[in-house]
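A.B. asks: This is the structure, below, for whatever I ask next.
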Amino acid sequence: PPPNATAAGQQQPQGDSGAKAPQGLAQSQKGEPVAPPGSPGQAGAAAAAAAPTQNKQAAVFGSNLGRAVSNDLETDFATPPDNILDKVQFIINNVSMSNLDGKATDLKGIMKPEWFGWLGNYLVVKRISTQPNFHSLYLAFLEKLGDYGRGLIKAILDSVYLNVGKLLRSPKITVLTSERSLLKNLGSWLGAITLARNKPILHLMLDCKELLYQGYETGRLIAVTPFVAKILEGAKDSVVFRPPNPWVMALLGVFRSLYDVEDLKMNIKFEVEVLCKNLNVKLDEIEKSDGLSNRVSPDKEKNPDFNTKPAAAPAAAPSDKPAAEGGFQEQTVIPNLAAYVQINPSVALFASNPALKRVVPVAVDRAIREIIQPVVERSVTIACITTKELVVKDFAMESDENKMRKAAQLMVSNLAGSLALVTCKEPLRGSVATNLRTLLQSAVSAAGTAQTPETEQMIEQVVQVCASDNLELGCMLIEKAATEKALRDIDEALAAPLQARRKHREQTGQPFYDMSIFQNNSRFPSALPEPLRPKPGGLGAQQLMVYEAFQRIPRQPVVAGAQGSSEGAASQQAGQAQGAGAGAGAGPQATDGNMKALTLLASKLSLSVNNLLAAAGNRSGEVTYSMLPETHEVRSLIAEVKKVGVVSNDDVCLSFAQTVFKQMYELSLNEPLRLESLIAVLEAVSEGCGKLGKDITTWITYAPMNTDDERKLHRTVLLLLVRSQLVKIAELDVWIARSMDGGRNGVFVEFALHFARTAVHERITGVGEIPNIIDSFTKIAQKQGSYKKSVNKLLEELRGSKQGEEQGPGQPQDAPAPANAQQKAPAQPAISKVDSSEGLGVSDIAAKNAEAIALAARNDPPQTRQSVTHLLDYWIRVYNETPGNEKAYAQYLQLLQQHGVGKSEENSERFFRVSTELVIESVLKSAQAPPEGTAGPPALHYNVVDAYAKLVALLFKYMNSGGDAAKVATQRINLLNKVLGITVQCLMAGSVVAKNNKNRFDQRPWFRLLMNLIQDLNLPDPQLDSISLQILGVFGSALHVIQPCVIPGFTFAWLELVSHRMFLPNLLLAKGQKGFGLAHQLLLDLFQFLEPYLRKGELDDSIRTLYKGTLRVLLILLHDFPEFLSEYHASFTALIPANCVQLRNIFLSAFPRSLSLIDPFTPNLKIDLLPEISQNPRILSNIPGALGSLKADIDAFLANPRGSTTFLNDLPGRLLNRSGDVNPSLANSLVIYVGMEAIASLQQSQPPSSPMRGAEVEIYLKLLDSYAPKNRYAFLSALANQLRYPNSHTHFFSQVMLYVFENAPSNDSGLKEQITRVLLERLIVHRPHPWGLLITFIELIKNPRYRFWSHGFTRCAAEIERVFESVSRSCMSGASAGEVGAAGQQQPGQQGIGMVGGGEVVKG
């Protein structure tokens, strides 16, 4: 990979671009932002210039630091020839721990000592500075070179010192993270190649102690500290330099002094702590150096090394309210009501006269006050009477008054709120309309506007729209008022019974019995059945669940404008993302920018191919590039690669192409699409780089050919390169012939045999174009040897092919091969012809199945369709004329057996295939246009489909070819598999035909057929109960094959089938949750299709409808099967885009039905004391599998944090994808896995240890400290995804979020603001809201230790401040809300209206 920065003024050596020496490290790149005045980059220099000089003179950075910093002279290196350059680069690209000896020998054979200067500089700039993970590999490689490599090590050291000096002198070293990362990597290498090998770093070359002092004085500690610390880490394995070496201890003394400097940034202190930990030295035992006292103290203001505490800004005075417009000055009686009233700005009357908007809140206020008293009084009275009678009866023998009070409150609040809601809805709608109409008419008249019919119509429009928009708000307020009054009244009504229980307990300590319910000749409880009668000891857990089921989260009002703000933010983010992509595609001028653009496109291409092959499932090996339509995303991305390649220089193109070429040899032949897509990328790059073909010809000579698989892959790559004209066949012909060595190289002889046969038979090349290979074969055939027979046979085949070529154009060159050609030669790789005219407008999988169906139809015997038609006609008559006649059905099944159906696999397959085609054709032909004046698709008649589905069901149920029950069950499942497989194939073929004919694909008949089969075969039946799960599995597999990514035109029908009441519920109700895995896969298929549309945030009508349907399915699952959503939350949330907040909340809000959630707004709630908080949640997502090789490294680090020196430094980069963004799936899996390990460690520790002091939390802190804001937001979101229902995970991650917030640097509110954003954006959308999220946010804003309201981001804008005000009122009582400080702005007498509401971030 290219370096992240280049060196100032370094000249590019001459030679071929593919083998040119790399540029240096510290050169400023075009397009990089220049630090503005006052930025941290200039603050260091300003601090040095402004330092006091009365007694001490501040050092100018760079003086007396050694030759490494002072020397800026460039060296002209002798550059090897182009062919040597290519070979050296190929060796370095392919070196690994398993082939060190061989690669070292290869390098010795081609590299002369006079070229060591160039090679050393190349390794430092291109490899060592950018690849810290491979430092150990390069060191081992240098060791293998022995005495020969001593000169190379010296050249590498010289280059390291040179580039270290350039980076230290760079004015941007304190601003650019990329430059500091390069410097840190060079420090790690310098320590490994010197101190670790017992070699000193001479004071003459680099004075590390003076470097730390000058970094302190000039504001460069942020770059110098990690650099020197990494150097010293090399001493841990040294015999000479490990502590207590005086030189090392002196440097540690300087570090100790710096560590105690006040306000020093935490990341600098963290570097010191990590260094001491790696050297196994205790920080507090290190003796401080007194040299720091002799240095000039830097100015900490705007210094990148320090966290200064800014003076608190005075609280802003509340602004005066604007003068009322239009003379309307009446205010609402309900406090702050106007903030929640929804006003549609597109209404014509408001567009022409905006001042009239002030009327709407007043009208809503009047309407609510008109009806709230009678509604609340009636609802509360009924609810209190009902609740009191039931509670007194049920809790007659309950001694705990708190349990009785809680049950009564839960019941009365639910009853009163529900009664008020249903009672007030229609009266409130009418009252709002009446008041609004009256006020608008008065306001219009007062403004002097004439009352015309147009004006009346506009007023009526406003009345209807505003009444509907604000009806829910009014209902919520009335419901809330009823609930609050009911709680007060029930406490009064039950005061005597509660007091009696309390007094009885305090005086006697005996169980309490209320005998009053047995008096006055009451029917109850004697008339109650035994299970419902009161019993000593009070209610049991099951009985209490009746009352706990009344618990609910109150609905919250929507702040006016909140939805629009969310959508606007989402649109802005989407626009920025699109802008970034467009910039990459347009080809920026900077070299590094072009390389990044190409790398990003390659990453997107890989992801698109992965999604495509995942959708293909087991048939991914049949997918080829030629099947992709012209508009497919893969082809579009390759077109973008071509655009960037055209405007890029040869260096960028060749470097990128070499990376792609290497990737090809890491693939397998099982999925040809991957290989063909990379070949297409090389074709696109070659458009802008004419020298690529020459370099590829050189690269292929170094391709691995050690095993049979490698040789097969190499042969396939060569054939594709020749076909794409990236390699000239003449050059390849010479190379292969030379490599055969007259038959002495058996590996190449066999390779050439297969290559020539495939190239000629596939018409990639002609016999006349490979004369050298043919000549070599002829010479081998004349000798006695093991290959003589094979060569003679091939020569005969090639002569026949040559004669066919000479016959002229009688047979088109691109005529299709026989259908069984591939079967006759299974050893040959299947290479598809890239034909741009072959654009099938649907999925590649569907196209492949369409070809299979067409091929099978061509092989059918004559009159097949007529015979099947007669059989179906007869069956339809039987079905219609004798419904339910089992005898008639049995006679027809015997007739089918006589025609071979059920006896012969071939006959059965043919019957079902042709029947499916005939049935669908018949339904489509029955289409009737809708009546005149009505819109919609033509009506279809489904009687033929229904009859055929019934026939399949009968065949399935009566299938019995003999044997025991298990054998019969297997026969039935095989039959169903065959029928559904054929149906799915015909469905995909139909979609392809419709696309090719440019017709609309009608999914209705296919949906009817599959729905009938699902319904008929999943009905309760004693004969099929034993295989019910297998039946569901067959249907699930079929639906997985035809998922939306494969047949987009069948998406709506597919979702309807998946969510069918006879399929998904039965699947999830299977014993032992055996159906969870298949249901999980099907939902993943749905979200893989939706994800690109949701990520963009711009949904057309069809996708919006599909999204609504998906939400409904998820809400049903949330209600009926919450365990399913809860246990698979990790895999689902990793697939949901960041902007789909409400969708993610659905998964995170799911909790087991056996759990009763406690109200998160309960005063003085102690989370630690909840019994559920110590229980681990069940997670079925494959967390370790998603981590892959990273899991072993995590385990090793957690087992021995001191023993792993590079893991934490390397981890942030390992979570990034090729575009430089955090991989959501990997981040979620890491967060969960590390958290599980931390919780397990805490549960086993005796005595209990602090949860924030383990190595697990150290991983989280390192990632948060290392990432830029964008990636840090993604990682914080992964942490917030674990804030769910009460369990050990929720508790632990809530503590982590609060700990990070509390310990973030005080002057750097960016991290705290991001944590607030992650939590808040999940609360300002519509319900549901995860319990753990509410708990965490309430703790954050209520607990004074976090000083939440003192941060500036809570007051950065008026809209943001209003949002926080509303949230604070919802999350805190009136008393506590008034104490939050100026930021809360709680006014006396105001009541919290509820949590801020909003819409889904995704539009629609």
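Each chain of the structure tokens is named A, B, ... in the order shown, its residues numbered from 1; ligands are numbered from 1 in display order.
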Name the residues in contact with range 1031-1037 of chain A at a cut-off of 7 Å, using only C-alpha atoms, excluding same-chain residues fewer than 4 positions from it; report them as an MDAnalysis selection string.

C.D. replies: chainID A and resid 973 977 1027 1041 1063 1067 1078

A.B. asks: Report as a PDB file with N, CA and C atoms, in the first residue's frame all protein, DNA and RNA residues lying within 8 Å of Leu798 in chain A, evaluated on only C-alpha atoms, omitting residues in the same chain fewer than 6 positions from it.

C.D. replies:
ATOM      1  N   ARG A 757      -4.989 -26.630 -24.891  1.00  0.00           N
ATOM      2  CA  ARG A 757      -6.274 -27.263 -25.207  1.00  0.00           C
ATOM      3  C   ARG A 757      -7.436 -26.312 -24.902  1.00  0.00           C
ATOM      4  N   VAL A 760      -7.604 -23.074 -27.265  1.00  0.00           N
ATOM      5  CA  VAL A 760      -8.067 -23.323 -28.633  1.00  0.00           C
ATOM      6  C   VAL A 760      -9.530 -23.744 -28.637  1.00  0.00           C
ATOM      7  N   VAL A 767      -4.767 -21.867 -33.316  1.00  0.00           N
ATOM      8  CA  VAL A 767      -3.554 -22.692 -33.318  1.00  0.00           C
ATOM      9  C   VAL A 767      -2.386 -21.925 -33.923  1.00  0.00           C
TER      10      VAL A 767
END

A.B. asks: Give the helix (DSSP H, G or I) residues of range 964-1155 of chain A, as DSSP finds them on the backbone, and put them as an MDAnalysis selection string.

C.D. replies: chainID A and resid 965:996 1004:1017 1025:1041 1048:1058 1064:1068 1071:1073 1076:1096 1101:1120 1122:1127 1129:1135 1141:1149

A.B. asks: Give me the residues near Asp514 in chain A as a PyMOL selection string, where near means some atom within 12 Å (using only C-alpha atoms) and where sequence neighbours in that chain fewer than 2 positions away do not count.

C.D. replies: chain A and resi 391-399+496-498+500-501+504+511-512+516-519+534-536+538

A.B. asks: Tell me, as number ranges by chain, which residues lie within 8 Å of Asp1265 in chain A, counting only C-alpha atoms; anything in the same chain fewer than 3 positions away does not count.

C.D. replies: A: 267, 1261-1262

A.B. asks: When you look at range 1273-1278 of chain A with a cut-off of 10 Å (counting only C-alpha atoms), what residues show up, excluding the ones that are within fewer than 5 positions of it in the same chain? I need them as number ranges by chain.

C.D. replies: A: 1130, 1133-1134, 1138, 1215, 1221-1232, 1260, 1263-1264, 1267-1268, 1283, 1297, 1311, 1314-1315, 1317-1319
